[in-house]
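Colleague: My structure is in input-v7.txt, and what it holds is compact mmCIF, C-alpha atoms:
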```
# COMPACT_ATOMS: atom_id res chain seq x y z
CA ARG V 1490 12.78 193.16 3.86
CA ARG V 1491 13.17 191.57 0.47
CA CYS V 1492 15.55 193.30 -1.93
CA THR V 1493 14.02 194.47 -5.19
CA MET V 1494 17.16 195.91 -6.76
CA ARG V 1495 17.60 193.80 -9.89
CA LEU V 1496 20.78 191.81 -10.44
CA LEU V 1497 21.26 191.48 -14.19
CA LYS V 1498 23.89 189.82 -16.30
CA ALA V 1499 26.23 192.45 -17.74
CA GLU V 1500 24.86 192.02 -21.27
CA GLU V 1501 21.28 192.51 -19.99
CA LEU V 1502 22.22 195.74 -18.24
CA PHE V 1503 24.01 197.04 -21.33
CA ARG V 1504 21.02 196.09 -23.51
CA LYS V 1505 18.74 197.97 -21.10
CA LEU V 1506 21.07 200.93 -21.44
CA LEU V 1507 20.86 200.88 -25.23
CA GLU V 1508 17.09 200.44 -25.26
CA GLY V 1509 16.58 203.19 -22.64
CA GLY V 1510 13.93 205.04 -24.59
CA SER V 1511 14.23 208.21 -22.51
CA LYS V 1512 15.11 211.63 -23.87
CA LYS V 1513 18.34 211.65 -21.90
CA GLN V 1514 20.87 208.89 -22.65
CA PRO V 1515 21.03 206.70 -19.53
CA ARG V 1516 24.44 206.21 -17.96
CA LEU V 1517 26.19 203.79 -15.62
CA LEU V 1518 27.80 204.26 -12.24
CA GLY V 1519 30.89 202.18 -11.47
CA LEU V 1520 31.61 201.13 -7.88
CA ASP V 1521 35.01 200.05 -6.62
CA VAL V 1522 34.19 198.69 -3.17
CA GLY V 1523 36.94 198.69 -0.58
CA SER V 1524 36.93 198.06 3.15
CA LYS V 1525 37.05 201.79 3.99
CA TYR V 1526 35.93 203.55 0.81
CA VAL V 1527 33.73 203.11 -2.25
CA GLY V 1528 35.17 204.71 -5.36
CA LEU V 1529 32.63 206.04 -7.86
CA ALA V 1530 32.93 206.71 -11.57
CA VAL V 1531 30.22 207.72 -14.01
CA SER V 1532 30.12 206.93 -17.70
CA ASP V 1533 30.10 209.81 -20.14
CA GLN V 1534 26.86 210.61 -22.00
CA LYS V 1535 27.75 208.25 -24.84
CA ASN V 1536 28.83 205.49 -22.42
CA ARG V 1537 32.27 205.25 -23.97
CA ILE V 1538 34.53 206.28 -21.12
CA ALA V 1539 34.31 206.52 -17.36
CA LEU V 1540 35.10 209.62 -15.38
CA PRO V 1541 36.07 209.63 -11.69
CA LEU V 1542 33.22 211.07 -9.69
CA SER V 1543 33.94 210.78 -5.97
CA VAL V 1544 34.76 208.51 -3.11
CA LEU V 1545 32.36 207.68 -0.29
CA GLY V 1546 33.59 206.72 3.14
CA ARG V 1547 32.30 203.33 4.18
CA THR V 1548 31.29 202.58 7.76
CA LYS V 1549 28.83 200.20 9.38
CA THR V 1550 26.49 203.05 10.24
CA ASN V 1551 26.31 205.14 7.06
CA ILE V 1552 24.53 202.80 4.65
CA ASN V 1553 21.37 204.94 4.60
CA LEU V 1554 23.42 208.02 3.76
CA MET V 1555 25.16 206.10 0.98
CA ALA V 1556 21.81 204.96 -0.41
CA ASP V 1557 20.61 208.58 -0.35
CA ASP V 1558 23.76 209.63 -2.22
CA PHE V 1559 23.20 206.92 -4.83
CA LYS V 1560 19.56 207.96 -5.23
CA THR V 1561 20.65 211.56 -5.87
CA LEU V 1562 23.25 210.38 -8.39
CA VAL V 1563 20.64 208.25 -10.18
CA LYS V 1564 18.50 211.35 -10.64
CA ASN V 1565 21.29 213.80 -11.49
CA TYR V 1566 23.07 211.55 -14.01
CA SER V 1567 20.10 209.61 -15.43
CA LEU V 1568 21.68 206.36 -14.29
CA ALA V 1569 20.38 203.09 -15.71
CA GLY V 1570 22.31 200.97 -13.26
CA LEU V 1571 25.38 200.14 -11.25
CA VAL V 1572 28.45 198.23 -12.38
CA VAL V 1573 29.85 196.81 -9.17
CA GLY V 1574 33.43 195.60 -9.20
CA TYR V 1575 33.56 192.01 -7.96
CA PRO V 1576 36.84 190.35 -7.04
CA PHE V 1577 37.07 187.00 -8.76
CA ASN V 1578 40.21 184.92 -8.45
CA LEU V 1579 42.15 183.78 -11.49
CA GLN V 1580 39.96 180.66 -11.71
CA GLY V 1581 36.82 182.82 -12.05
CA GLN V 1582 35.51 182.08 -8.56
CA SER V 1583 34.78 184.54 -5.75
CA SER V 1584 37.86 185.68 -3.91
CA PRO V 1585 37.92 186.26 -0.13
CA ASP V 1586 37.36 190.02 -0.69
CA ALA V 1587 34.07 189.32 -2.50
CA SER V 1588 32.12 189.07 0.76
CA GLN V 1589 32.51 192.80 1.47
CA VAL V 1590 31.12 193.62 -1.99
CA SER V 1591 28.13 191.32 -1.51
CA LEU V 1592 27.58 192.74 1.97
CA LEU V 1593 27.49 196.33 0.67
CA VAL V 1594 25.04 195.48 -2.13
CA GLY V 1595 22.86 193.56 0.32
CA GLU V 1596 22.83 196.47 2.76
CA LEU V 1597 21.93 198.90 -0.03
CA CYS V 1598 19.07 196.59 -1.04
CA LYS V 1599 17.73 196.49 2.51
CA THR V 1600 17.40 200.28 2.66
CA GLY V 1601 14.62 200.12 0.05
CA LYS V 1602 15.86 203.39 -1.45
CA LEU V 1603 17.20 201.93 -4.69
CA ASP V 1604 14.44 199.48 -5.56
CA ASP V 1605 14.10 200.61 -9.19
CA LEU V 1606 17.82 200.25 -9.87
CA SER V 1607 19.51 197.41 -11.73
CA TYR V 1608 23.08 196.31 -11.14
CA THR V 1609 25.62 193.86 -12.42
CA TYR V 1610 28.89 192.50 -11.13
CA TRP V 1611 32.02 193.04 -13.19
CA ASP V 1612 35.34 191.29 -12.72
CA GLU V 1613 37.48 193.90 -11.00
CA ASN V 1614 40.62 191.82 -11.04
CA PHE V 1615 43.53 194.23 -10.96
CA THR V 1616 41.53 197.46 -11.43
CA SER V 1617 42.75 199.19 -8.25
CA LYS V 1618 46.14 197.56 -8.65
CA PHE V 1619 46.27 198.80 -12.24
CA ALA V 1620 45.34 202.33 -11.18
CA TYR V 1621 47.93 202.18 -8.42
CA SER V 1622 50.69 200.91 -10.72
CA ARG V 1623 49.91 203.57 -13.34
CA CYS V 1624 49.42 206.51 -11.02
CA ALA V 1625 51.03 205.84 -7.64
CA HIS V 1626 54.20 207.68 -8.55
CA GLN V 1627 52.08 210.79 -9.24
CA ILE V 1628 49.24 210.34 -6.74
CA GLN V 1629 49.95 209.50 -3.13
CA ASP V 1630 46.34 209.56 -1.95
CA ASP V 1631 44.62 206.17 -1.55
CA ILE V 1632 41.18 207.81 -1.80
CA ILE V 1633 41.94 209.18 -5.26
CA LEU V 1634 43.35 205.82 -6.35
CA GLN V 1635 40.12 204.12 -5.20
CA SER V 1636 38.16 206.54 -7.39
CA LEU V 1637 40.41 205.80 -10.36
CA GLY V 1638 39.90 202.10 -9.76
CA SER V 1639 36.17 202.59 -10.20
CA CYS V 1640 36.82 204.08 -13.65
CA PHE V 1641 38.36 200.82 -14.78
CA GLN V 1642 35.09 199.04 -13.83
CA LEU V 1643 33.38 200.90 -16.66
CA SER V 1644 36.21 200.88 -19.18
```
Output the file's structure as structure tokens, nothing else.

Modeller:
Amino acid sequence: RRCTMRLLKAEELFRKLLEGGSKKQPRLLGLDVGSKYVGLAVSDQKNRIALPLSVLGRTKTNINLMADDFKTLVKNYSLAGLVVGYPFNLQGQSSPDASQVSLLVGELCKTGKLDDLSYTYWDENFTSKFAYSRCAHQIQDDIILQSLGSCFQLS
């Protein structure tokens, strides 16, 4: 099955967001993809800040459930697209962790449940590490830190 989710450059996705034309201001969903969890954050209605939303467990067998969850979020939050954290190295090239991000996006595409959705990759360098360094002394839960990391995708 050919994927019809649209990969856009970040500026194209943001332009689409501004030109939305719907009654409700479209929003963005940030994804912080990890090996066990996917942290989610949603932009506020004016797309100025990101708010932690939830964390989805990630397994090899739950991709259809994840796609269903994303489809529900698209409807409930009037989402215009996804901002997917992508781990580049300091030279701007894909890091070894990038394959798990690409794999997740590819699996979501194959479900066919998100065909009308656009997405972009955003350099996530240090987002989870930043959340961890800022909050680890107060928050001991890795799941919550993953969710906070997704907020930095949108900020």

Colleague: Between CA of Lys1513 (chain V) and CA of Leu1554 (chain V), what distance in Å does the model show, to one decimal?

Modeller: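 CA of Leu1554 (chain V) lies 26.4 Å from CA of Lys1513 (chain V).
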
Colleague: Can you measure CA of Asp1604 (chain V) to CA of Lys1560 (chain V) for me? One decimal in Å is fine.

Modeller: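 Separation between CA of Asp1604 (chain V) and CA of Lys1560 (chain V): 9.9 Å.
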
Colleague: So which one's closest to Leu1542 (chain V), V:Lys1505, V:Val1563, V:Asp1558, V:Leu1518? Using only C-alpha atoms, please.

Modeller: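 That would be V:Leu1518, the residue with the smallest distance to Leu1542 (chain V).
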
Colleague: In Å, how far is it from CA of Leu1571 (chain V) to CA of Gly1519 (chain V)?

Modeller: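 Calculated distance between CA of Leu1571 (chain V) and CA of Gly1519 (chain V) is 5.9 Å.
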
Colleague: With only C-alpha atoms as the counted atoms, please give the residues lying no more than 8 Å from Ser1607 (chain V), apart from itself and same-chain residues fewer than 3 positions off, as number ranges by chain.

Modeller: V: 1494-1497, 1502, 1569-1571

Colleague: Find the axis-aligned box for region 1534-1538 of chain V, covering all its listed atoms and adding 4 Å on each side, and write its centre and edge lengths in Å to one decimal as JSON.

Modeller:
```
{"center_x": 30.7, "center_y": 207.9, "center_z": -23.0, "size_x": 15.7, "size_y": 13.4, "size_z": 11.7}
```

Colleague: Please determine, counting all atoms listed in the file, which residue among V:Asp1586, V:Lys1535, V:Leu1592, V:Lys1599 has the shortest atom-to-atom distance to Glu1613 (chain V).

Modeller: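 Selected residue with least distance to Glu1613 (chain V): V:Asp1586.
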